[in-house]
file run.pdb (PDB, C-alpha atoms (C1' of nucleotides))
ATOM      1  CA  MET A   1       8.948  -3.473  69.795
ATOM      2  CA  THR A   2       8.314  -2.347  66.251
ATOM      3  CA  GLN A   3       5.495  -3.536  64.083
ATOM      4  CA  GLN A   4       7.889  -5.639  62.046
ATOM      5  CA  ARG A   5       9.207  -7.417  65.093
ATOM      6  CA  MET A   6       5.700  -7.979  66.383
ATOM      7  CA  VAL A   7       4.501  -9.490  63.122
ATOM      8  CA  ILE A   8       7.512 -11.790  62.899
ATOM      9  CA  LEU A   9       6.821 -13.033  66.407
ATOM     10  CA  GLU A  10       3.118 -13.514  65.745
ATOM     11  CA  GLU A  11       3.651 -15.405  62.529
ATOM     12  CA  LEU A  12       6.194 -17.636  64.168
ATOM     13  CA  ARG A  13       3.823 -18.418  67.013
ATOM     14  CA  ASN A  14       1.011 -19.209  64.628
ATOM     15  CA  VAL A  15       2.755 -22.070  62.896
ATOM     16  CA  ASP A  16       4.327 -25.269  64.041
ATOM     17  CA  SER A  17       6.457 -25.685  60.951
ATOM     18  CA  HIS A  18       9.801 -24.317  62.197
ATOM     19  CA  PRO A  19      10.392 -22.086  59.184
ATOM     20  CA  SER A  20      13.720 -20.866  57.851
ATOM     21  CA  ALA A  21      14.499 -17.153  57.675
ATOM     22  CA  ASP A  22      13.384 -17.130  54.076
ATOM     23  CA  GLU A  23      10.086 -18.750  54.926
ATOM     24  CA  VAL A  24       9.502 -16.283  57.729
ATOM     25  CA  TYR A  25      10.211 -13.550  55.203
ATOM     26  CA  ALA A  26       7.512 -14.925  52.900
ATOM     27  CA  MET A  27       5.023 -15.174  55.762
ATOM     28  CA  VAL A  28       5.668 -11.672  57.038
ATOM     29  CA  ARG A  29       5.640 -10.131  53.593
ATOM     30  CA  LYS A  30       2.000 -11.078  53.186
ATOM     31  CA  ARG A  31       1.183  -8.669  55.977
ATOM     32  CA  LEU A  32       4.010  -6.172  55.503
ATOM     33  CA  PRO A  33       4.857  -6.195  51.813
ATOM     34  CA  ARG A  34       7.732  -3.736  52.136
ATOM     35  CA  VAL A  35       9.624  -5.610  54.819
ATOM     36  CA  SER A  36      13.201  -6.550  53.974
ATOM     37  CA  LEU A  37      15.092  -9.773  54.452
ATOM     38  CA  GLY A  38      17.711  -7.941  56.493
ATOM     39  CA  THR A  39      15.041  -6.892  58.976
ATOM     40  CA  ILE A  40      13.871 -10.470  59.229
ATOM     41  CA  TYR A  41      17.359 -11.695  60.033
ATOM     42  CA  ARG A  42      18.001  -8.891  62.493
ATOM     43  CA  ASN A  43      14.785  -9.500  64.365
ATOM     44  CA  LEU A  44      15.085 -13.253  64.414
ATOM     45  CA  GLU A  45      18.466 -12.696  65.996
ATOM     46  CA  ILE A  46      17.107 -10.271  68.578
ATOM     47  CA  LEU A  47      14.097 -12.412  69.415
ATOM     48  CA  SER A  48      16.149 -15.531  69.910
ATOM     49  CA  LYS A  49      18.691 -13.692  72.046
ATOM     50  CA  SER A  50      15.891 -12.425  74.239
ATOM     51  CA  GLY A  51      14.480 -15.915  74.557
ATOM     52  CA  GLU A  52      11.121 -15.305  72.883
ATOM     53  CA  ILE A  53      11.833 -17.726  70.088
ATOM     54  CA  ARG A  54      14.353 -20.470  69.568
ATOM     55  CA  ARG A  55      16.925 -20.798  66.813
ATOM     56  CA  ILE A  56      17.393 -24.392  65.761
ATOM     57  CA  ASP A  57      20.957 -25.038  64.796
ATOM     58  CA  SER A  58      21.136 -28.755  64.417
ATOM     59  CA  GLY A  59      21.567 -30.714  61.207
ATOM     60  CA  GLY A  60      20.468 -29.248  57.926
ATOM     61  CA  ASN A  61      21.806 -26.523  55.744
ATOM     62  CA  LEU A  62      19.751 -23.632  56.904
ATOM     63  CA  LYS A  63      18.723 -22.470  60.303
ATOM     64  CA  ARG A  64      15.131 -22.849  61.424
ATOM     65  CA  PHE A  65      13.200 -20.869  63.972
ATOM     66  CA  ASP A  66      10.712 -22.050  66.546
ATOM     67  CA  GLY A  67       7.961 -19.865  68.011
ATOM     68  CA  ASN A  68       7.777 -22.229  70.956
ATOM     69  CA  ALA A  69      10.691 -21.321  73.188
ATOM     70  CA  ASP A  70       9.994 -24.051  75.714
ATOM     71  CA  ASP A  71      12.525 -26.824  75.897
ATOM     72  CA  HIS A  72      11.656 -29.634  73.553
ATOM     73  CA  TYR A  73      13.205 -31.842  70.916
ATOM     74  CA  HIS A  74      12.538 -32.290  67.230
ATOM     75  CA  ILE A  75      12.542 -35.013  64.675
ATOM     76  CA  ARG A  76      13.610 -34.335  61.105
ATOM     77  CA  CYS A  77      12.485 -36.180  58.009
ATOM     78  CA  LEU A  78      15.518 -37.315  56.057
ATOM     79  CA  ARG A  79      13.616 -37.172  52.806
ATOM     80  CA  CYS A  80      11.623 -33.939  52.886
ATOM     81  CA  ASP A  81      13.563 -32.188  55.676
ATOM     82  CA  ARG A  82      10.376 -31.410  57.580
ATOM     83  CA  LEU A  83      10.941 -30.720  61.264
ATOM     84  CA  VAL A  84       8.328 -31.797  63.782
ATOM     85  CA  ASP A  85       8.080 -31.347  67.526
ATOM     86  CA  ALA A  86       8.920 -34.326  69.694
ATOM     87  CA  PHE A  87       7.649 -33.707  73.168
ATOM     88  CA  ILE A  88       9.326 -36.431  75.137
ATOM     89  CA  GLU A  89      11.170 -36.616  78.386
ATOM     90  CA  LEU A  90      14.309 -38.655  78.266
ATOM     91  CA  GLY A  91      14.397 -41.226  80.978
ATOM     92  CA  LEU A  92      17.594 -39.868  82.412
ATOM     93  CA  ASP A  93      19.852 -36.842  82.571
ATOM     94  CA  ILE A  94      22.141 -37.409  79.642
ATOM     95  CA  ASP A  95      24.374 -34.447  80.512
ATOM     96  CA  GLU A  96      25.063 -36.189  83.785
ATOM     97  CA  GLN A  97      26.450 -39.185  81.907
ATOM     98  CA  LEU A  98      29.183 -37.035  80.490
ATOM     99  CA  LYS A  99      30.543 -35.658  83.733
ATOM    100  CA  GLY A 100      33.757 -37.427  84.523
ATOM    101  CA  ALA A 101      34.235 -38.442  80.920
ATOM    102  CA  THR A 102      35.227 -34.953  79.782
ATOM    103  CA  ASP A 103      37.213 -32.010  81.050
ATOM    104  CA  PHE A 104      34.632 -29.670  79.550
ATOM    105  CA  LEU A 105      32.231 -27.788  81.739
ATOM    106  CA  VAL A 106      29.005 -29.281  80.389
ATOM    107  CA  PHE A 107      26.141 -26.837  79.881
ATOM    108  CA  GLY A 108      23.759 -28.993  77.909
ATOM    109  CA  HIS A 109      23.180 -30.754  74.657
ATOM    110  CA  ARG A 110      21.541 -30.472  71.293
ATOM    111  CA  LEU A 111      19.529 -33.479  70.284
ATOM    112  CA  GLU A 112      17.573 -34.043  67.131
ATOM    113  CA  PHE A 113      15.988 -37.273  65.993
ATOM    114  CA  VAL A 114      15.990 -38.309  62.357
ATOM    115  CA  GLY A 115      13.677 -40.591  60.455
ATOM    116  CA  LEU A 116      10.936 -40.682  57.871
ATOM    117  CA  CYS A 117       7.733 -38.713  58.280
ATOM    118  CA  PRO A 118       4.391 -40.408  57.595
ATOM    119  CA  ARG A 119       4.090 -38.801  54.170
ATOM    120  CA  CYS A 120       7.491 -40.023  53.070
ATOM    121  CA  GLN A 121       7.311 -43.530  54.498
ATOM    122  CA  PRO A 122       5.547 -45.106  51.542
ATOM    123  CA  ALA A 123       8.177 -43.738  49.193
ATOM    124  CA  THR A 124      11.233 -45.136  50.917
ATOM    125  CA  ALA A 125      12.063 -47.955  53.216
ATOM    126  CA  GLU A 126      15.815 -47.714  52.766
ATOM    127  CA  PRO A 127      17.571 -45.883  55.569
ATOM    128  CA  SER A 128      20.920 -46.428  53.949
ATOM    129  CA  SER A 129      20.010 -44.420  50.893
ATOM    130  CA  LEU A 130      19.296 -41.415  53.042
ATOM    131  CA  THR A 131      21.744 -41.141  55.852
ATOM    132  CA  ASN A 132      25.460 -40.977  55.515
ATOM    133  CA  GLU A 133      26.045 -38.596  58.292
ATOM    134  CA  GLU A 134      26.513 -38.217  61.981
ATOM    135  CA  PRO A 135      25.268 -40.675  64.544
ATOM    136  CA  SER A 136      22.441 -42.909  63.594
TER     137      SER A 136
ATOM    138  CA  MET B   1      41.189 -43.680  44.611
ATOM    139  CA  THR B   2      43.226 -40.747  43.384
ATOM    140  CA  GLN B   3      46.164 -39.259  45.177
ATOM    141  CA  GLN B   4      44.099 -36.261  46.202
ATOM    142  CA  ARG B   5      41.416 -38.427  47.774
ATOM    143  CA  MET B   6      44.054 -40.509  49.533
ATOM    144  CA  VAL B   7      45.784 -37.494  51.018
ATOM    145  CA  ILE B   8      42.505 -36.020  52.220
ATOM    146  CA  LEU B   9      41.666 -39.275  53.951
ATOM    147  CA  GLU B  10      45.119 -39.591  55.493
ATOM    148  CA  GLU B  11      45.152 -36.060  56.800
ATOM    149  CA  LEU B  12      41.711 -36.477  58.273
ATOM    150  CA  ARG B  13      42.751 -39.649  60.028
ATOM    151  CA  ASN B  14      45.861 -38.022  61.425
ATOM    152  CA  VAL B  15      44.064 -35.376  63.410
ATOM    153  CA  ASP B  16      41.398 -35.402  66.052
ATOM    154  CA  SER B  17      40.352 -31.817  65.473
ATOM    155  CA  HIS B  18      37.296 -32.337  63.259
ATOM    156  CA  PRO B  19      38.339 -29.776  60.654
ATOM    157  CA  SER B  20      36.060 -27.833  58.344
ATOM    158  CA  ALA B  21      36.428 -28.153  54.573
ATOM    159  CA  ASP B  22      38.614 -25.069  54.546
ATOM    160  CA  GLU B  23      40.885 -26.476  57.215
ATOM    161  CA  VAL B  24      41.166 -29.753  55.327
ATOM    162  CA  TYR B  25      42.070 -27.687  52.279
ATOM    163  CA  ALA B  26      44.888 -26.013  54.208
ATOM    164  CA  MET B  27      46.168 -29.346  55.502
ATOM    165  CA  VAL B  28      46.096 -31.030  52.121
ATOM    166  CA  ARG B  29      47.661 -28.085  50.335
ATOM    167  CA  LYS B  30      50.829 -28.539  52.340
ATOM    168  CA  ARG B  31      51.323 -31.845  50.581
ATOM    169  CA  LEU B  32      49.573 -31.077  47.285
ATOM    170  CA  PRO B  33      50.002 -27.364  46.703
ATOM    171  CA  ARG B  34      47.969 -27.338  43.503
ATOM    172  CA  VAL B  35      44.852 -28.982  44.917
ATOM    173  CA  SER B  36      41.624 -27.010  44.595
ATOM    174  CA  LEU B  37      38.890 -26.338  47.091
ATOM    175  CA  GLY B  38      36.349 -27.873  44.731
ATOM    176  CA  THR B  39      38.253 -31.133  44.828
ATOM    177  CA  ILE B  40      38.258 -31.036  48.615
ATOM    178  CA  TYR B  41      34.510 -30.610  48.745
ATOM    179  CA  ARG B  42      33.889 -33.265  46.126
ATOM    180  CA  ASN B  43      36.048 -35.818  47.890
ATOM    181  CA  LEU B  44      34.739 -35.078  51.360
ATOM    182  CA  GLU B  45      31.298 -35.732  49.934
ATOM    183  CA  ILE B  46      32.374 -38.995  48.316
ATOM    184  CA  LEU B  47      34.261 -40.197  51.366
ATOM    185  CA  SER B  48      31.392 -39.530  53.715
ATOM    186  CA  LYS B  49      28.897 -41.177  51.396
ATOM    187  CA  SER B  50      31.085 -44.262  51.281
ATOM    188  CA  GLY B  51      31.334 -44.279  55.061
ATOM    189  CA  GLU B  52      35.075 -43.754  55.367
ATOM    190  CA  ILE B  53      34.672 -40.461  57.167
ATOM    191  CA  ARG B  54      31.834 -38.748  58.918
ATOM    192  CA  ARG B  55      30.282 -35.391  58.139
ATOM    193  CA  ILE B  56      29.226 -33.583  61.292
ATOM    194  CA  ASP B  57      26.106 -31.577  60.662
ATOM    195  CA  SER B  58      25.058 -30.419  64.077
ATOM    196  CA  GLY B  59      25.254 -26.901  65.450
ATOM    197  CA  GLY B  60      27.699 -24.393  64.079
ATOM    198  CA  ASN B  61      27.885 -22.516  60.839
ATOM    199  CA  LEU B  62      30.170 -24.744  58.915
ATOM    200  CA  LYS B  63      30.311 -28.446  58.506
ATOM    201  CA  ARG B  64      33.090 -30.427  60.114
ATOM    202  CA  PHE B  65      34.575 -33.738  59.110
ATOM    203  CA  ASP B  66      35.684 -36.620  61.265
ATOM    204  CA  GLY B  67      38.268 -39.171  60.204
ATOM    205  CA  ASN B  68      36.888 -41.550  62.778
ATOM    206  CA  ALA B  69      33.760 -43.025  61.227
ATOM    207  CA  ASP B  70      32.851 -45.071  64.283
ATOM    208  CA  ASP B  71      29.756 -44.011  66.141
ATOM    209  CA  HIS B  72      30.530 -41.504  68.822
ATOM    210  CA  TYR B  73      29.380 -38.167  70.153
ATOM    211  CA  HIS B  74      31.052 -34.786  70.410
ATOM    212  CA  ILE B  75      31.118 -31.837  72.716
ATOM    213  CA  ARG B  76      31.480 -28.334  71.364
ATOM    214  CA  CYS B  77      32.984 -25.368  73.155
ATOM    215  CA  LEU B  78      30.547 -22.472  73.057
ATOM    216  CA  ARG B  79      33.352 -19.974  73.215
ATOM    217  CA  CYS B  80      36.022 -21.205  70.808
ATOM    218  CA  ASP B  81      33.836 -23.634  68.813
ATOM    219  CA  ARG B  82      36.329 -26.455  69.292
ATOM    220  CA  LEU B  83      34.825 -29.891  68.832
ATOM    221  CA  VAL B  84      36.110 -32.786  70.926
ATOM    222  CA  ASP B  85      35.247 -36.480  70.956
ATOM    223  CA  ALA B  86      32.993 -37.714  73.729
ATOM    224  CA  PHE B  87      33.220 -41.455  73.913
ATOM    225  CA  ILE B  88      30.325 -42.317  76.163
ATOM    226  CA  GLU B  89      27.563 -44.849  76.081
ATOM    227  CA  LEU B  90      24.186 -43.482  76.990
ATOM    228  CA  GLY B  91      22.549 -45.552  79.670
ATOM    229  CA  LEU B  92      19.542 -46.275  77.495
ATOM    230  CA  ASP B  93      18.295 -46.397  73.956
ATOM    231  CA  ILE B  94      16.983 -42.903  73.472
ATOM    232  CA  ASP B  95      15.486 -43.692  70.058
ATOM    233  CA  GLU B  96      13.341 -46.246  71.801
ATOM    234  CA  GLN B  97      11.873 -43.534  74.008
ATOM    235  CA  LEU B  98      10.417 -41.867  70.970
ATOM    236  CA  LYS B  99       8.529 -44.824  69.580
ATOM    237  CA  GLY B 100       4.865 -44.365  70.287
ATOM    238  CA  ALA B 101       5.299 -40.631  70.727
ATOM    239  CA  THR B 102       5.712 -39.966  67.006
ATOM    240  CA  ASP B 103       4.317 -41.197  63.725
ATOM    241  CA  PHE B 104       7.777 -40.917  62.186
ATOM    242  CA  LEU B 105       9.779 -43.996  61.402
ATOM    243  CA  VAL B 106      12.729 -43.314  63.702
ATOM    244  CA  PHE B 107      16.157 -44.081  62.261
ATOM    245  CA  GLY B 108      18.343 -42.462  64.869
ATOM    246  CA  HIS B 109      19.430 -39.195  66.364
ATOM    247  CA  ARG B 110      22.063 -36.518  66.276
ATOM    248  CA  LEU B 111      23.405 -35.522  69.634
ATOM    249  CA  GLU B 112      26.036 -32.975  70.466
ATOM    250  CA  PHE B 113      26.964 -31.714  73.889
ATOM    251  CA  VAL B 114      27.839 -28.085  74.501
ATOM    252  CA  GLY B 115      29.932 -26.498  77.176
ATOM    253  CA  LEU B 116      33.215 -24.782  77.875
ATOM    254  CA  CYS B 117      36.517 -26.417  77.080
ATOM    255  CA  PRO B 118      39.322 -26.372  79.665
ATOM    256  CA  ARG B 119      41.129 -23.544  77.886
ATOM    257  CA  CYS B 120      38.062 -21.332  77.851
ATOM    258  CA  GLN B 121      36.810 -22.035  81.358
ATOM    259  CA  PRO B 122      38.959 -19.428  83.095
ATOM    260  CA  ALA B 123      37.706 -16.778  80.715
ATOM    261  CA  THR B 124      33.983 -17.287  81.207
ATOM    262  CA  ALA B 125      31.698 -18.649  83.831
ATOM    263  CA  GLU B 126      28.520 -17.219  82.361
ATOM    264  CA  PRO B 127      26.571 -19.741  80.343
ATOM    265  CA  SER B 128      23.877 -17.185  79.591
ATOM    266  CA  SER B 129      26.278 -14.961  77.726
ATOM    267  CA  LEU B 130      27.051 -17.764  75.360
ATOM    268  CA  THR B 131      23.998 -19.776  74.578
ATOM    269  CA  ASN B 132      20.773 -18.473  73.178
ATOM    270  CA  GLU B 133      20.005 -21.414  71.081
ATOM    271  CA  GLU B 134      18.448 -24.827  71.003
ATOM    272  CA  PRO B 135      18.118 -27.086  74.001
ATOM    273  CA  SER B 136      20.356 -26.507  76.912
TER     274      SER B 136
ATOM    275  C1'  DG C   1      41.794 -44.965  24.818
ATOM    276  C1'  DT C   2      38.249 -44.188  27.858
ATOM    277  C1'  DC C   3      36.263 -42.168  31.557
ATOM    278  C1'  DT C   4      36.393 -40.421  35.910
ATOM    279  C1'  DG C   5      38.599 -36.841  38.581
ATOM    280  C1'  DT C   6      41.011 -32.432  38.652
ATOM    281  C1'  DG C   7      41.987 -27.293  38.643
ATOM    282  C1'  DC C   8      40.064 -23.113  37.847
ATOM    283  C1'  DA C   9      36.655 -19.845  37.997
ATOM    284  C1'  DA C  10      32.136 -18.420  38.219
ATOM    285  C1'  DA C  11      27.786 -18.933  40.443
ATOM    286  C1'  DA C  12      24.571 -20.141  44.014
ATOM    287  C1'  DA C  13      22.735 -19.997  48.621
ATOM    288  C1'  DG C  14      22.403 -18.150  53.038
ATOM    289  C1'  DT C  15      23.544 -14.506  56.011
ATOM    290  C1'  DT C  16      25.542 -10.109  57.504
ATOM    291  C1'  DT C  17      26.433  -5.238  57.228
ATOM    292  C1'  DG C  18      26.857  -0.024  55.891
ATOM    293  C1'  DC C  19      24.158   3.735  55.229
ATOM    294  C1'  DA C  20      20.738   7.291  54.955
ATOM    295  C1'  DG C  21      16.290   8.180  56.300
ATOM    296  C1'  DC C  22      12.104   6.972  59.260
ATOM    297  C1'  DC C  23       9.531   5.813  63.370
ATOM    298  C1'  DG C  24       8.137   5.203  67.961
ATOM    299  C1'  DA C  25       8.818   5.954  73.019
TER     300       DA C  25
ATOM    301  C1'  DT D   1      13.645  14.767  69.838
ATOM    302  C1'  DC D   2      16.722  11.177  69.214
ATOM    303  C1'  DG D   3      18.354   6.641  69.411
ATOM    304  C1'  DG D   4      17.210   2.596  67.634
ATOM    305  C1'  DC D   5      15.053   0.310  63.587
ATOM    306  C1'  DT D   6      14.070  -0.015  58.706
ATOM    307  C1'  DG D   7      14.671  -0.735  53.612
ATOM    308  C1'  DC D   8      17.871  -1.227  50.260
ATOM    309  C1'  DA D   9      21.853  -2.862  48.327
ATOM    310  C1'  DA D  10      26.268  -4.488  48.468
ATOM    311  C1'  DA D  11      29.434  -7.613  50.581
ATOM    312  C1'  DC D  12      30.776 -11.848  52.697
ATOM    313  C1'  DT D  13      31.101 -16.832  53.663
ATOM    314  C1'  DT D  14      30.444 -21.394  52.553
ATOM    315  C1'  DT D  15      29.394 -24.653  49.174
ATOM    316  C1'  DT D  16      28.277 -26.158  44.460
ATOM    317  C1'  DT D  17      28.900 -26.469  39.567
ATOM    318  C1'  DG D  18      30.420 -26.031  34.393
ATOM    319  C1'  DC D  19      34.090 -26.816  31.614
ATOM    320  C1'  DA D  20      38.248 -28.213  29.377
ATOM    321  C1'  DC D  21      42.117 -30.918  30.344
ATOM    322  C1'  DA D  22      44.948 -34.478  32.834
ATOM    323  C1'  DG D  23      45.766 -38.744  34.962
ATOM    324  C1'  DA D  24      44.405 -43.435  36.340
ATOM    325  C1'  DC D  25      43.374 -47.900  34.836
TER     326       DC D  25
END

call {"tool": "encode", "arguments": {"input": "run.pdb", "output": "structure tokens"}}
result
Amino acid sequence: MTQQRMVILEELRNVDSHPSADEVYAMVRKRLPRVSLGTIYRNLEILSKSGEIRRIDSGGNLKRFDGNADDHYHIRCLRCDRLVDAFIELGLDIDEQLKGATDFLVFGHRLEFVGLCPRCQPATAEPSSLTNEEPS
Amino acid sequence: MTQQRMVILEELRNVDSHPSADEVYAMVRKRLPRVSLGTIYRNLEILSKSGEIRRIDSGGNLKRFDGNADDHYHIRCLRCDRLVDAFIELGLDIDEQLKGATDFLVFGHRLEFVGLCPRCQPATAEPSSLTNEEPS
DNA sequence: GTCTGTGCAAAAAGTTTGCAGCCGA
DNA sequence: TCGGCTGCAAACTTTTTGCACAGAC
């Protein structure tokens, strides 16, 4: 556990903003000005493989990272792309629903909600102008 | 509606493989050898904005496209990255579960199942060696 | 004839990797 | 010490964009 890796982990645990690799880079560089982007990527990879953080791979162009490795969902703002924790329990086991309907061995699912965050709600009331993608 | 756009749409509707832009490019080039990748990207964008196809933005490095614009889910193989349709109805309105638990205006959700496809099941029985990402 | 769409190529954005030297167990 | 980690830079992958010309209406 090098200092770099430690600082990355600390910074990630101190925010609830689910930053991208670039944002983590900016955060870490305030404390370790000579750190490199490559180190950030390498450590984010290592930390998520070891289960200390979570890589969020759902919609969106760039990957985000979550200092909270516990199982939980997120909701993304379609306007500003902000990602916020959604601590809910679904009322049923949705993986279970799939058994019998697929010949895959089902391990789990990735679920992300989409909508408008409080800040962006005044600006837009038109879903259609925002979403032209996957399920709605 | 140019010939290029038409061919892209036709090819996409003729497969159930959810190809990436590059794969669409390869498919279209068999019929229009002089087509350019830029044209593929531009038309995939236009077609998904107009609702004739669907852009799939969930997990994975590159975006996939679906000639079937009807609402449905997918399951992704963690080993070979193949994406297959999963035509199931969830037993409840999961967006509804979120109301009250968030100050977002909820428009919908993106859901993708993950697992092992039939071809890859013999090769691996170890989920842990495959997934170190979002929900499970 | 106009105006959008195309092909081509370069650029942008995000991520990965090779390498030589440094650091921590 | 010594193997893994770092900084740096270059490379790679995917997607976007500028531009001049062609094709559709």

call {"tool": "resolve_selection", "arguments": {"input": "run.pdb", "expression": "the PyMOL selection byres ((chain A and resi 77-82) around 6)", "output": "list of chain:residue names"}}
result
A:Arg76, A:Leu83, A:Val114, A:Gly115, A:Leu116, A:Cys117

call {"tool": "write_last_selection", "arguments": {"input": "run.pdb", "atoms": "C-alpha atoms", "output": "mmCIF file, in the coordinates of the input"}}
result
data_model
loop_
_atom_site.group_PDB
_atom_site.id
_atom_site.type_symbol
_atom_site.label_atom_id
_atom_site.label_comp_id
_atom_site.auth_asym_id
_atom_site.auth_seq_id
_atom_site.Cartn_x
_atom_site.Cartn_y
_atom_site.Cartn_z
ATOM 1 C CA ARG A 76 13.610 -34.335 61.105
ATOM 2 C CA LEU A 83 10.941 -30.720 61.264
ATOM 3 C CA VAL A 114 15.990 -38.309 62.357
ATOM 4 C CA GLY A 115 13.677 -40.591 60.455
ATOM 5 C CA LEU A 116 10.936 -40.682 57.871
ATOM 6 C CA CYS A 117 7.733 -38.713 58.280
#

call {"tool": "residues_near_point", "arguments": {"input": "run.pdb", "point": "(38.4, -38.9, 55.1)", "cutoff": "7 Å", "atoms": "all atoms listed in the file", "output": "short mmCIF file (atom, residue, chain, number, x, y, z; two decimals) with C-alpha atoms, in the frame of the given file"}}
result
data_model
loop_
_atom_site.label_atom_id
_atom_site.label_comp_id
_atom_site.auth_asym_id
_atom_site.auth_seq_id
_atom_site.Cartn_x
_atom_site.Cartn_y
_atom_site.Cartn_z
CA ILE B 8 42.50 -36.02 52.22
CA LEU B 9 41.67 -39.28 53.95
CA GLU B 10 45.12 -39.59 55.49
CA LEU B 12 41.71 -36.48 58.27
CA ARG B 13 42.75 -39.65 60.03
CA LEU B 44 34.74 -35.08 51.36
CA LEU B 47 34.26 -40.20 51.37
CA GLU B 52 35.08 -43.75 55.37
CA ILE B 53 34.67 -40.46 57.17
CA GLY B 67 38.27 -39.17 60.20
#

call {"tool": "interface_residues", "arguments": {"input": "run.pdb", "of": "chain B", "to": "chain C", "cutoff": "8 Å", "atoms": "only C-alpha atoms (C1' of nucleotides)", "output": "list of chain:residue names"}}
result
B:Thr2, B:Arg34, B:Val35, B:Ser36, B:Thr39

call {"tool": "atom_distance", "arguments": {"input": "run.pdb", "atom1": "atom CA of Met27 of chain B", "atom2": "atom CA of Glu11 of chain B"}}
result
6.9 Å

call {"tool": "resolve_selection", "arguments": {"input": "run.pdb", "expression": "the PyMOL selection byres ((chain A) within 12 of (chain D))", "output": "short mmCIF file (atom, residue, chain, number, x, y, z; two decimals) with C-alpha atoms, keeping the file's coordinate frame"}}
result
data_model
loop_
_atom_site.label_atom_id
_atom_site.label_comp_id
_atom_site.auth_asym_id
_atom_site.auth_seq_id
_atom_site.Cartn_x
_atom_site.Cartn_y
_atom_site.Cartn_z
CA MET A 1 8.95 -3.47 69.80
CA THR A 2 8.31 -2.35 66.25
CA GLN A 3 5.50 -3.54 64.08
CA GLN A 4 7.89 -5.64 62.05
CA ARG A 5 9.21 -7.42 65.09
CA PRO A 33 4.86 -6.20 51.81
CA ARG A 34 7.73 -3.74 52.14
CA VAL A 35 9.62 -5.61 54.82
CA SER A 36 13.20 -6.55 53.97
CA LEU A 37 15.09 -9.77 54.45
CA GLY A 38 17.71 -7.94 56.49
CA THR A 39 15.04 -6.89 58.98
CA ILE A 40 13.87 -10.47 59.23
CA ARG A 42 18.00 -8.89 62.49
CA ASN A 43 14.78 -9.50 64.36
CA ILE A 46 17.11 -10.27 68.58
CA ASN A 61 21.81 -26.52 55.74
CA LEU A 62 19.75 -23.63 56.90
#

call {"tool": "atom_distance", "arguments": {"input": "run.pdb", "atom1": "atom CA of Asp22 of chain B", "atom2": "atom CA of Ser58 of chain A"}}
result
20.4 Å

call {"tool": "atom_distance", "arguments": {"input": "run.pdb", "atom1": "atom CA of Val15 of chain A", "atom2": "atom CA of Glu96 of chain B"}}
result
27.9 Å

call {"tool": "axis_aligned_box", "arguments": {"input": "run.pdb", "around": "segment 16-22 of chain C", "padding_each_side": "6 Å", "output": "lines of an AutoDock Vina configuration file"}}
result
center_x = 19.5
center_y = -1.0
center_z = 57.1
size_x = 26.8
size_y = 30.3
size_z = 16.3
